[in-house]
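Student: Dropping in structure.cif, with mmCIF, C-alpha atoms and all ligand atoms.
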```cif
data_structure
#
loop_
_atom_site.label_atom_id
_atom_site.label_comp_id
_atom_site.auth_asym_id
_atom_site.auth_seq_id
_atom_site.Cartn_x
_atom_site.Cartn_y
_atom_site.Cartn_z
CA MET A 1 -67.25 -15.39 123.71
CA SER A 2 -69.16 -18.54 124.63
CA GLY A 3 -67.41 -21.86 124.05
CA SER A 4 -68.61 -25.43 124.19
CA LYS A 5 -70.18 -27.56 126.84
CA PHE A 6 -68.12 -30.55 127.97
CA ASP A 7 -68.92 -33.47 130.27
CA VAL A 8 -65.59 -32.91 131.95
CA ILE A 9 -62.79 -30.38 131.82
CA VAL A 10 -59.34 -31.46 132.98
CA LEU A 11 -56.93 -28.70 133.99
CA GLY A 12 -53.33 -29.83 133.38
CA ALA A 13 -52.08 -32.22 130.70
CA GLY A 14 -49.41 -33.89 132.79
CA ALA A 15 -49.28 -37.51 133.87
CA ALA A 16 -52.47 -37.47 135.94
CA GLY A 17 -54.49 -35.19 133.66
CA LEU A 18 -53.68 -37.22 130.53
CA MET A 19 -54.77 -40.42 132.28
CA ALA A 20 -57.99 -38.87 133.56
CA ALA A 21 -58.80 -37.42 130.13
CA LEU A 22 -58.16 -40.62 128.18
CA THR A 23 -60.14 -42.67 130.69
CA ALA A 24 -63.17 -40.36 130.62
CA GLY A 25 -62.93 -39.93 126.83
CA GLN A 26 -62.87 -43.67 126.22
CA ARG A 27 -66.01 -43.96 128.34
CA GLY A 28 -67.70 -41.83 125.72
CA LEU A 29 -67.63 -38.52 127.61
CA ARG A 30 -66.89 -35.19 125.94
CA VAL A 31 -63.59 -34.13 127.48
CA LEU A 32 -61.61 -30.89 127.25
CA LEU A 33 -57.98 -31.15 128.34
CA ILE A 34 -56.36 -27.77 129.04
CA ASP A 35 -52.71 -26.87 129.61
CA HIS A 36 -50.96 -23.52 129.60
CA ALA A 37 -47.86 -25.18 128.16
CA ASP A 38 -47.78 -25.64 124.42
CA GLU A 39 -47.11 -29.35 124.71
CA PRO A 40 -48.39 -31.98 127.15
CA GLY A 41 -46.41 -34.06 129.65
CA LYS A 42 -43.29 -31.92 129.92
CA LYS A 43 -42.27 -33.52 133.22
CA ILE A 44 -42.76 -36.97 131.74
CA LEU A 45 -40.31 -36.00 128.99
CA ILE A 46 -37.53 -35.04 131.41
CA SER A 47 -38.26 -37.74 133.97
CA GLY A 48 -35.89 -40.57 134.73
CA GLY A 49 -33.06 -38.82 132.92
CA GLY A 50 -35.20 -38.78 129.73
CA ARG A 51 -36.20 -42.44 130.02
CA CYS A 52 -39.17 -42.03 132.37
CA ASN A 53 -39.23 -44.26 135.42
CA PHE A 54 -42.92 -44.82 134.76
CA THR A 55 -43.82 -47.11 137.65
CA ASN A 56 -42.50 -49.24 140.48
CA ILE A 57 -43.51 -52.87 140.82
CA HIS A 58 -43.33 -52.56 144.63
CA THR A 59 -46.05 -49.90 144.72
CA ALA A 60 -47.95 -49.94 148.02
CA ALA A 61 -49.66 -47.25 150.06
CA ASP A 62 -46.88 -47.27 152.69
CA ARG A 63 -44.50 -45.81 150.09
CA TYR A 64 -46.44 -42.57 150.03
CA ILE A 65 -46.44 -39.67 152.49
CA SER A 66 -49.77 -38.05 153.31
CA GLU A 67 -51.62 -36.73 156.33
CA ASN A 68 -53.92 -39.69 155.74
CA ALA A 69 -51.58 -42.64 155.30
CA HIS A 70 -54.37 -44.86 153.93
CA PHE A 71 -55.82 -42.45 151.40
CA ALA A 72 -53.87 -43.67 148.35
CA ARG A 73 -54.61 -47.35 148.96
CA SER A 74 -57.93 -47.57 147.11
CA ALA A 75 -56.87 -45.91 143.84
CA LEU A 76 -53.53 -47.73 143.84
CA ALA A 77 -55.29 -51.07 144.29
CA ARG A 78 -57.67 -50.38 141.41
CA TYR A 79 -55.02 -49.28 138.92
CA THR A 80 -51.84 -51.25 139.50
CA PRO A 81 -48.36 -51.15 137.96
CA ALA A 82 -49.34 -54.31 136.02
CA GLU A 83 -52.12 -52.36 134.31
CA PHE A 84 -49.82 -49.56 133.25
CA ILE A 85 -47.23 -52.12 132.09
CA ALA A 86 -49.95 -53.74 129.97
CA LEU A 87 -50.73 -50.36 128.38
CA VAL A 88 -47.04 -49.78 127.69
CA GLY A 89 -46.85 -53.30 126.22
CA LYS A 90 -49.87 -52.67 123.98
CA HIS A 91 -47.96 -49.73 122.48
CA GLY A 92 -44.83 -51.82 121.94
CA ILE A 93 -42.73 -49.67 124.27
CA ALA A 94 -39.67 -51.60 125.46
CA TRP A 95 -38.73 -51.25 129.11
CA HIS A 96 -36.41 -52.68 131.74
CA GLU A 97 -36.17 -52.87 135.51
CA LYS A 98 -33.24 -50.79 136.68
CA THR A 99 -33.09 -51.33 140.42
CA LEU A 100 -35.45 -51.67 143.38
CA GLY A 101 -38.48 -52.37 141.17
CA GLN A 102 -38.05 -49.19 139.10
CA LEU A 103 -39.23 -49.61 135.49
CA PHE A 104 -37.74 -47.37 132.80
CA CYS A 105 -38.27 -47.08 129.04
CA ASP A 106 -35.41 -48.56 127.02
CA GLY A 107 -35.74 -45.55 124.73
CA SER A 108 -37.08 -42.04 125.10
CA ALA A 109 -39.73 -40.90 127.59
CA ARG A 110 -41.48 -39.33 124.61
CA ALA A 111 -42.94 -42.76 123.86
CA ILE A 112 -44.98 -42.50 127.08
CA VAL A 113 -46.36 -39.05 126.17
CA ASP A 114 -47.12 -40.24 122.62
CA MET A 115 -48.90 -43.29 124.05
CA LEU A 116 -51.07 -41.18 126.38
CA MET A 117 -51.87 -38.69 123.62
CA PHE A 118 -52.79 -41.54 121.25
CA GLU A 119 -55.15 -42.94 123.89
CA CYS A 120 -56.66 -39.47 124.43
CA ARG A 121 -57.31 -39.17 120.70
CA GLU A 122 -58.91 -42.64 120.76
CA GLY A 123 -61.26 -41.19 123.35
CA GLY A 124 -61.99 -38.11 121.23
CA VAL A 125 -60.50 -35.73 123.80
CA THR A 126 -60.38 -32.04 122.76
CA PHE A 127 -57.10 -30.29 123.51
CA ALA A 128 -56.51 -26.65 124.44
CA PHE A 129 -52.75 -26.22 124.87
CA GLY A 130 -50.54 -23.16 125.00
CA LYS A 131 -53.09 -20.67 126.34
CA PRO A 132 -53.47 -19.45 129.92
CA VAL A 133 -56.64 -20.09 131.89
CA SER A 134 -57.94 -16.66 132.85
CA ALA A 135 -60.91 -17.64 135.05
CA VAL A 136 -62.55 -20.60 136.72
CA ASP A 137 -65.95 -20.07 138.34
CA LEU A 138 -68.78 -22.17 139.67
CA THR A 139 -72.39 -21.09 139.33
CA ASP A 140 -75.44 -23.29 139.85
CA GLY A 141 -73.41 -26.49 139.69
CA VAL A 142 -71.73 -25.50 136.41
CA TYR A 143 -67.97 -24.83 136.21
CA ARG A 144 -67.01 -22.09 133.78
CA VAL A 145 -63.43 -22.15 132.57
CA THR A 146 -62.17 -19.28 130.43
CA VAL A 147 -59.25 -19.96 128.10
CA ASP A 148 -58.10 -17.39 125.56
CA GLY A 149 -61.28 -15.36 126.07
CA VAL A 150 -63.52 -18.39 125.47
CA GLU A 151 -65.70 -19.69 128.30
CA HIS A 152 -66.21 -23.48 128.45
CA ARG A 153 -68.84 -25.08 130.71
CA THR A 154 -68.90 -28.42 132.49
CA PRO A 155 -70.49 -30.15 135.49
CA SER A 156 -67.13 -31.87 136.30
CA LEU A 157 -63.80 -30.15 136.75
CA VAL A 158 -60.58 -32.08 137.42
CA LEU A 159 -57.68 -30.22 139.04
CA ALA A 160 -54.48 -31.79 137.67
CA THR A 161 -51.94 -29.00 137.36
CA GLY A 162 -49.36 -30.78 139.53
CA GLY A 163 -47.06 -29.34 142.16
CA LEU A 164 -44.69 -26.43 142.58
CA SER A 165 -41.42 -28.13 141.73
CA ILE A 166 -39.35 -26.80 138.82
CA PRO A 167 -41.11 -23.45 138.26
CA LYS A 168 -38.76 -22.91 135.30
CA MET A 169 -40.75 -25.61 133.50
CA GLY A 170 -44.06 -23.87 134.12
CA ALA A 171 -45.06 -25.43 137.44
CA THR A 172 -47.65 -23.34 139.27
CA GLY A 173 -49.82 -23.56 142.35
CA PHE A 174 -52.95 -23.18 140.24
CA SER A 175 -54.74 -26.28 141.55
CA LEU A 176 -53.97 -25.19 145.12
CA GLU A 177 -55.36 -21.71 144.45
CA LEU A 178 -58.52 -23.15 142.91
CA ALA A 179 -58.89 -25.63 145.77
CA ARG A 180 -58.76 -22.75 148.27
CA LYS A 181 -61.18 -20.75 146.17
CA PHE A 182 -63.70 -23.62 146.37
CA GLY A 183 -63.13 -24.06 150.11
CA LEU A 184 -60.86 -27.12 150.15
CA PRO A 185 -58.08 -27.12 152.76
CA VAL A 186 -54.49 -27.37 151.57
CA VAL A 187 -51.82 -29.16 153.62
CA GLN A 188 -48.68 -27.03 153.98
CA THR A 189 -46.54 -27.62 150.90
CA ARG A 190 -42.76 -28.11 150.83
CA PRO A 191 -40.10 -29.30 148.38
CA ALA A 192 -39.53 -33.07 148.56
CA LEU A 193 -37.13 -35.51 146.91
CA VAL A 194 -34.72 -32.59 147.04
CA PRO A 195 -30.97 -32.23 147.73
CA PHE A 196 -29.86 -30.88 151.12
CA THR A 197 -27.60 -27.88 151.57
CA LEU A 198 -24.86 -27.85 154.20
CA GLY A 199 -23.37 -24.80 155.88
CA GLU A 200 -19.77 -23.56 155.97
CA ASP A 201 -19.12 -25.70 159.06
CA GLU A 202 -19.38 -28.71 156.74
CA ALA A 203 -17.02 -27.29 154.11
CA LEU A 204 -14.89 -30.42 154.41
CA PHE A 205 -17.77 -32.57 153.16
CA ARG A 206 -18.77 -30.05 150.51
CA SER A 207 -15.25 -30.31 149.10
CA LEU A 208 -16.05 -33.97 148.31
CA SER A 209 -18.32 -32.86 145.46
CA GLY A 210 -18.85 -35.78 143.07
CA VAL A 211 -18.01 -38.53 145.59
CA SER A 212 -20.74 -41.10 146.25
CA ALA A 213 -21.19 -44.12 148.49
CA GLU A 214 -23.92 -46.58 149.39
CA VAL A 215 -25.20 -45.66 152.84
CA ILE A 216 -28.25 -45.90 155.02
CA ALA A 217 -29.71 -42.42 155.47
CA ARG A 218 -32.24 -41.76 158.23
CA ALA A 219 -34.64 -38.93 159.05
CA GLY A 220 -36.96 -39.62 161.96
CA LYS A 221 -38.21 -43.17 161.52
CA ALA A 222 -37.56 -43.28 157.78
CA ALA A 223 -34.46 -45.14 156.56
CA PHE A 224 -33.22 -45.72 153.01
CA ARG A 225 -30.28 -47.78 151.85
CA GLU A 226 -29.18 -46.27 148.56
CA ALA A 227 -26.39 -44.11 147.12
CA ALA A 228 -25.57 -40.76 148.71
CA LEU A 229 -23.75 -38.13 146.68
CA PHE A 230 -21.75 -35.20 148.01
CA THR A 231 -22.25 -31.99 146.04
CA HIS A 232 -20.61 -28.57 146.22
CA ARG A 233 -23.73 -27.40 148.07
CA GLY A 234 -24.40 -30.40 150.29
CA LEU A 235 -25.93 -33.85 149.98
CA SER A 236 -27.81 -35.49 147.15
CA GLY A 237 -28.21 -38.93 145.55
CA PRO A 238 -31.20 -41.25 145.97
CA ALA A 239 -30.69 -41.92 149.71
CA MET A 240 -30.69 -38.20 150.50
CA LEU A 241 -33.58 -37.36 148.17
CA GLN A 242 -35.64 -40.09 149.83
CA VAL A 243 -35.04 -38.88 153.40
CA SER A 244 -35.55 -35.24 152.39
CA SER A 245 -39.28 -36.00 152.05
CA TYR A 246 -39.37 -36.92 155.75
CA TRP A 247 -36.95 -34.28 157.02
CA GLU A 248 -38.00 -31.41 159.26
CA HIS A 249 -36.04 -28.17 159.37
CA ARG A 250 -33.50 -27.83 162.19
CA THR A 251 -33.31 -31.57 162.74
CA ALA A 252 -30.40 -33.87 161.93
CA ILE A 253 -30.28 -36.64 159.38
CA HIS A 254 -28.17 -39.65 160.29
CA VAL A 255 -25.97 -41.57 157.94
CA ASP A 256 -24.59 -45.08 158.35
CA PHE A 257 -21.51 -44.97 156.14
CA LEU A 258 -20.78 -48.66 156.54
CA PRO A 259 -24.08 -50.53 156.35
CA ASP A 260 -22.34 -53.88 155.82
CA THR A 261 -20.33 -53.77 159.03
CA ALA A 262 -21.72 -55.07 162.28
CA GLY A 263 -20.80 -55.27 165.95
CA ASP A 264 -17.27 -54.31 167.00
CA TRP A 265 -15.85 -54.51 163.48
CA LEU A 266 -13.24 -51.82 164.12
CA LEU A 267 -11.91 -53.64 167.20
CA GLU A 268 -11.75 -56.75 165.04
CA GLU A 269 -9.71 -54.75 162.49
CA LYS A 270 -7.37 -53.65 165.29
CA ARG A 271 -6.72 -57.29 166.13
CA THR A 272 -6.33 -58.55 162.55
CA ARG A 273 -4.56 -55.48 161.03
CA PRO A 274 -2.88 -53.65 163.92
CA LYS A 275 -0.56 -51.75 161.55
CA ALA A 276 -3.44 -50.25 159.52
CA THR A 277 -4.68 -46.71 160.15
CA LEU A 278 -8.32 -45.69 160.39
CA ARG A 279 -8.00 -43.93 157.04
CA SER A 280 -6.63 -46.99 155.24
CA THR A 281 -9.23 -49.20 156.95
CA LEU A 282 -12.04 -46.94 155.77
CA ALA A 283 -10.52 -46.64 152.30
CA ARG A 284 -10.92 -50.41 151.88
CA ARG A 285 -14.68 -49.89 152.14
CA LEU A 286 -15.32 -46.31 150.98
CA PRO A 287 -14.03 -43.93 148.29
CA GLU A 288 -10.55 -42.66 149.20
CA ARG A 289 -11.51 -38.98 149.62
CA LEU A 290 -14.49 -39.80 151.81
CA ALA A 291 -12.35 -42.14 153.93
CA GLU A 292 -9.82 -39.36 154.37
CA THR A 293 -12.46 -36.80 155.39
CA LEU A 294 -14.15 -39.13 157.86
CA ALA A 295 -10.81 -40.14 159.41
CA GLU A 296 -9.86 -36.46 159.73
CA ARG A 297 -13.15 -35.65 161.46
CA LEU A 298 -12.87 -38.65 163.79
CA ALA A 299 -9.35 -37.66 164.79
CA VAL A 300 -8.24 -41.24 165.40
CA GLU A 301 -4.48 -40.97 164.89
CA GLY A 302 -1.84 -43.56 164.09
CA GLU A 303 -1.95 -47.33 163.80
CA LEU A 304 -5.08 -49.07 165.03
CA GLY A 305 -2.92 -51.35 167.21
CA ASN A 306 -1.93 -48.30 169.25
CA CYS A 307 -5.47 -46.90 169.60
CA ARG A 308 -7.56 -47.40 172.71
CA ASP A 309 -10.62 -49.61 172.34
CA THR A 310 -12.87 -46.88 173.73
CA GLY A 311 -11.73 -44.45 170.99
CA LEU A 312 -12.30 -47.06 168.29
CA LYS A 313 -15.72 -47.95 169.67
CA ALA A 314 -16.72 -44.27 169.62
CA ALA A 315 -15.48 -43.96 166.01
CA GLN A 316 -17.40 -47.09 165.05
CA GLU A 317 -20.60 -45.69 166.55
CA ARG A 318 -20.21 -42.33 164.84
CA LEU A 319 -19.61 -43.96 161.47
CA ALA A 320 -22.88 -45.85 161.91
CA ARG A 321 -24.83 -42.73 162.89
CA TRP A 322 -23.08 -39.70 161.44
CA ALA A 323 -25.19 -36.62 162.07
CA PHE A 324 -25.55 -33.93 159.43
CA GLU A 325 -27.60 -30.86 160.17
CA PRO A 326 -28.60 -29.46 156.79
CA ASN A 327 -29.23 -25.72 156.81
CA GLY A 328 -31.95 -26.22 154.19
CA THR A 329 -32.67 -27.79 150.83
CA GLU A 330 -32.18 -26.66 147.25
CA GLY A 331 -35.91 -25.84 147.17
CA TYR A 332 -38.47 -26.16 144.40
CA ALA A 333 -35.85 -25.27 141.78
CA LYS A 334 -34.31 -28.71 142.29
CA ALA A 335 -37.07 -30.71 144.01
CA GLU A 336 -38.47 -33.64 142.08
CA VAL A 337 -41.86 -33.24 143.74
CA MET A 338 -43.91 -31.11 146.11
CA ALA A 339 -45.08 -32.65 149.38
CA GLY A 340 -48.37 -31.52 150.91
CA GLY A 341 -51.16 -30.20 148.71
CA ILE A 342 -54.94 -30.48 148.55
CA SER A 343 -56.02 -32.21 151.73
CA THR A 344 -57.12 -35.83 151.39
CA ARG A 345 -59.55 -35.23 154.28
CA VAL A 346 -62.03 -33.64 151.89
CA LEU A 347 -61.57 -35.99 148.92
CA SER A 348 -63.16 -39.36 148.25
CA GLN A 349 -60.42 -41.99 148.08
CA LYS A 350 -62.50 -43.88 145.53
CA THR A 351 -63.29 -41.09 143.09
CA MET A 352 -61.01 -38.15 144.06
CA GLU A 353 -64.10 -35.94 144.20
CA ALA A 354 -64.37 -33.26 146.86
CA SER A 355 -66.99 -34.40 149.34
CA LYS A 356 -68.51 -30.94 149.81
CA VAL A 357 -68.07 -29.56 146.29
CA PRO A 358 -69.86 -31.85 143.83
CA GLY A 359 -68.16 -32.16 140.46
CA LEU A 360 -64.76 -30.95 141.68
CA PHE A 361 -61.98 -33.57 141.47
CA ALA A 362 -58.27 -33.36 142.35
CA ILE A 363 -55.58 -35.79 141.22
CA GLY A 364 -51.82 -36.30 140.91
CA GLU A 365 -49.19 -34.26 142.66
CA ALA A 366 -51.59 -31.43 143.51
CA VAL A 367 -53.06 -33.76 146.15
CA ASP A 368 -51.37 -34.37 149.51
CA VAL A 369 -49.92 -37.73 148.43
CA THR A 370 -46.17 -37.85 147.83
CA GLY A 371 -44.40 -40.98 146.68
CA TRP A 372 -40.91 -42.25 147.28
CA LEU A 373 -38.32 -41.82 144.56
CA GLY A 374 -38.42 -44.54 141.91
CA GLY A 375 -41.61 -44.43 139.81
CA TYR A 376 -44.04 -44.13 142.72
CA ASN A 377 -45.15 -40.60 141.84
CA PHE A 378 -46.10 -41.53 138.31
CA GLN A 379 -47.98 -44.59 139.56
CA TRP A 380 -49.96 -42.28 141.84
CA ALA A 381 -50.63 -39.94 138.91
CA TRP A 382 -51.88 -42.85 136.75
CA ALA A 383 -53.97 -44.38 139.54
CA SER A 384 -55.58 -41.17 140.77
CA GLY A 385 -56.14 -40.05 137.17
CA ARG A 386 -57.81 -43.35 136.37
CA ALA A 387 -60.01 -43.15 139.51
CA ALA A 388 -61.26 -39.66 138.58
CA GLY A 389 -61.62 -40.53 134.89
CA GLU A 390 -63.88 -43.45 135.82
CA ALA A 391 -65.96 -41.40 138.25
CA VAL A 392 -66.64 -38.15 136.39
P1 LIG B 1 -47.47 -32.72 136.11
O1 LIG B 1 -46.49 -31.75 136.64
O2 LIG B 1 -46.99 -33.91 135.36
O3 LIG B 1 -48.49 -31.97 135.15
C1 LIG B 1 -49.11 -30.77 135.48
C2 LIG B 1 -49.52 -30.07 134.21
O4 LIG B 1 -50.27 -28.91 134.56
C3 LIG B 1 -48.33 -29.61 133.39
O5 LIG B 1 -48.47 -30.04 132.06
C4 LIG B 1 -48.37 -28.08 133.51
O6 LIG B 1 -47.93 -27.43 132.33
C5 LIG B 1 -49.84 -27.84 133.77
N1 LIG B 1 -50.10 -26.59 134.49
C6 LIG B 1 -49.44 -26.09 135.57
N2 LIG B 1 -49.96 -24.92 135.92
C7 LIG B 1 -50.96 -24.64 135.06
C8 LIG B 1 -51.85 -23.55 134.91
N3 LIG B 1 -51.80 -22.52 135.74
N4 LIG B 1 -52.74 -23.59 133.90
C9 LIG B 1 -52.78 -24.64 133.04
N5 LIG B 1 -51.95 -25.69 133.13
C10 LIG B 1 -51.05 -25.70 134.14
N6 LIG B 1 -41.78 -39.37 139.00
C11 LIG B 1 -41.68 -40.70 138.78
O7 LIG B 1 -42.55 -41.46 139.21
N7 LIG B 1 -40.63 -41.19 138.03
C12 LIG B 1 -39.66 -40.38 137.52
O8 LIG B 1 -38.77 -40.85 136.79
C13 LIG B 1 -39.72 -39.00 137.81
N8 LIG B 1 -38.74 -38.16 137.39
C14 LIG B 1 -38.85 -36.81 137.62
C15 LIG B 1 -37.83 -35.96 137.20
C16 LIG B 1 -37.92 -34.59 137.43
C17 LIG B 1 -36.79 -33.71 137.02
C18 LIG B 1 -39.08 -34.08 138.07
C19 LIG B 1 -39.22 -32.60 138.29
C20 LIG B 1 -40.08 -34.92 138.50
C21 LIG B 1 -39.97 -36.29 138.31
N9 LIG B 1 -40.96 -37.16 138.75
C22 LIG B 1 -40.83 -38.52 138.52
C23 LIG B 1 -42.18 -36.69 139.41
C24 LIG B 1 -43.32 -36.65 138.39
O9 LIG B 1 -42.88 -35.95 137.23
C25 LIG B 1 -44.56 -35.96 138.96
O10 LIG B 1 -44.87 -36.49 140.22
C26 LIG B 1 -45.74 -36.15 138.02
O11 LIG B 1 -45.44 -35.57 136.77
C27 LIG B 1 -46.99 -35.52 138.61
O12 LIG B 1 -48.02 -35.62 137.67
P2 LIG B 1 -49.15 -34.50 137.60
O13 LIG B 1 -49.95 -34.83 136.39
O14 LIG B 1 -49.82 -34.38 138.90
O15 LIG B 1 -48.36 -33.14 137.36
#
```
When written as structure tokens, how does the structure in this file appear?
Tutor:
Amino acid sequence: MSGSKFDVIVLGAGAAGLMAALTAGQRGLRVLLIDHADEPGKKILISGGGRCNFTNIHTAADRYISENAHFARSALARYTPAEFIALVGKHGIAWHEKTLGQLFCDGSARAIVDMLMFECREGGVTFAFGKPVSAVDLTDGVYRVTVDGVEHRTPSLVLATGGLSIPKMGATGFSLELARKFGLPVVQTRPALVPFTLGEDEALFRSLSGVSAEVIARAGKAAFREAALFTHRGLSGPAMLQVSSYWEHRTAIHVDFLPDTAGDWLLEEKRTRPKATLRSTLARRLPERLAETLAERLAVEGELGNCRDTGLKAAQERLARWAFEPNGTEGYAKAEVMAGGISTRVLSQKTMEASKVPGLFAIGEAVDVTGWLGGYNFQWAWASGRAAGEAV
């Protein structure tokens, strides 16, 4: 069956696809927005614990990981957090800053999806939700997209089906498959913003499940001062999720358990509290069970006054750079995002169009641009969606 002709077809009604569709629609273009899920923006709905951390006021290109570190700069500069905040304000959605520039809705994340859908309707966008896409082909500069046995045609196709994280929610590698089909390279994908798993050799730490502490976690040159959480499988919490995006298999991550101590603080403790033990000293700064585990691992016995300075110095150094060697991560089932994706080398940073395949655009998480935790991934989705929506 032959369907309609559209100026642009957007595949994926998530954060980026909704923004691209509403932008193009409000420019007067005929837009078809397709999603295999029966409702749009499912990840928006569950994001930020149901309150959607929709942007971060500290957005800057250096908070994104990509083979091309500068790629995101242009789109991010042209659609800023302030612009999204203005849109949220126009819809009367109340919000607050939680921490580190992260903006959350006061109420439900559904308000963000409703806002984007309202704006799509204002732009006269046609929706095709709840039906699988069975074919996408390109002939003579025309993209043909078949949904539910109906073939739609367009000169501009936007790939916006997101990344591979949370397959249970319907995540697929569809944009990656289509990119390959049209000859675009894909940077090796991997789970990111994901908890680490620890092996049996770290059973002592795994038994701390539920304990958290503010630490500095490091992987390579990346360092994040935030909460770390021990789980029955390993390490989670914002600090660990952040470094997971930079972590390479079979390397160690390093944790500073006492970021507010400096110099020879433990020797100072020995002088001022000679009767204290390492465990009680740590317990003044860390949760009791963590203090106990660290003291047990460090094997510094008895009162500090009786310990040799060399032993205390070594303990001090280890506490500032505790090495964990994760045996893996919890994978896409638990990852907040996918790192890697459609290579930025073949996309225009201004328009998101593939340089060698006219009319093919890629946006959002499907592209090799991965933000830090804290609203950065949505800001990338909005900004890249806006860039494509203005260019199609
Ligand atoms: P997104 O995943 O939003 O949308 C892709 C769409 O494509 C979906 O609607 C999907 O159904 C559709 N699709 C997939 N395959 C298809 C196919 N084969 N055919 C048709 N349609 C298909 N980020 C942030 O900044 N702040 C936050 O608070 C959070 N919180 C958060 C929590 C959890 C649990 C997760 C998993 C992720 C987050 N994120 C986040 C990350 C954020 O959700 C993510 O980066 C963006 O949603 C990416 O937007 P996209 O539009 O690229 O993909």
Student: Give the answer as one residue: which of A:Ala13, A:Glu226, A:Val392, A:Ala339 has the shortest atom-to-atom distance to Gln188 in chain A, using all atoms listed in the file?
Tutor: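 When distances to Gln188 in chain A are compared using all atoms listed in the file, the smallest one comes from A:Ala339.
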Student: Pick out the closest residue to ligand LIG 1 (chain B) from this set: A:Gly340, A:Gly163, A:Pro274, A:Gly25. Count only C-alpha atoms and all ligand atoms.
Tutor: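 Of A:Gly340, A:Gly163, A:Pro274, A:Gly25, the one nearest ligand LIG 1 (chain B) is A:Gly163, counting only C-alpha atoms and all ligand atoms.
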Student: Find, counting all atoms listed in the file, the residue in A:Arg78, A:Arg110, A:Arg285, A:Lys43 that gets nearest to ligand LIG 1 (chain B).
Tutor: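 Once distances to ligand LIG 1 (chain B) are computed over all atoms listed in the file, the minimum belongs to A:Lys43.
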Student: Tell me, as a list of chain:residue names, which residues lie within 12 Å of Leu116 in chain A, counting only C-alpha atoms; anything in the same chain fewer than 6 positions away does not count.
Tutor: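 The filter keeps A:Ala13, A:Gly14, A:Ala15, A:Ala16, A:Gly17, A:Leu18, A:Met19, A:Ala20, A:Ala21, A:Leu22, A:Thr23, A:Gly25, A:Pro40, A:Gly41, A:Ile44, A:Phe84, A:Leu87, A:Val88, A:Lys90, A:His91, A:Ala109, A:Arg110, A:Glu122, A:Gly123, A:Val125, A:Trp382, A:Gly385.
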Student: With distances taken over all atoms listed in the file, which residue among A:Pro287, A:Gly359, A:Gly375, A:Pro191 lies nearest Ser165 in chain A?
Tutor: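 Smallest distance to Ser165 in chain A is found for A:Pro191.
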Student: Considering all atoms listed in the file, state which residue in the set A:Asp35, A:Val194, A:Arg279, A:Ala160 is at the smallest distance from Ala179 in chain A.
Tutor: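 Closest to Ala179 in chain A, using all atoms listed in the file: A:Ala160.
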Student: Calculated over all atoms listed in the file, which of the candidates A:Ser4, A:Thr277, A:Ser74, A:Ser212 has the smallest distance to Thr351 in chain A?
Tutor: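 Looking only at the distances to Thr351 in chain A, the closest residue turns out to be A:Ser74.
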Student: Padding 6 Å on every side, please: axis-aligned box over the listed atoms of ligand LIG 1 (chain B), centre and edge lengths to one decimal in Å, as lines of an AutoDock Vina configuration file.
Tutor:
```
center_x = -44.8
center_y = -32.0
center_z = 136.1
size_x = 28.0
size_y = 30.9
size_z = 20.2
```
Student: CA of Gly141 in chain A and CA of Ala388 in chain A are how many Å apart?
Tutor: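 Those two atoms sit 18.0 Å apart.
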Student: Quick one, how far is CA of Glu365 in chain A from CA of Arg153 in chain A?
Tutor: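 Spanning CA of Glu365 in chain A to CA of Arg153 in chain A is a straight-line distance of 24.8 Å.
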Student: Could you tell me how far CA of Val357 in chain A lies from CA of Ala383 in chain A, in Å and to one decimal?
Tutor: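 Interatomic distance here is 21.5 Å.
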Student: If we count only C-alpha atoms and set the cut-off at 10 Å, which residues sit around Ser348 in chain A, ignoring sequence neighbours fewer than 5 positions away in its own chain? Please answer as a ChimeraX atom specification.
Tutor: /A:71,74,353-355,361-362,388
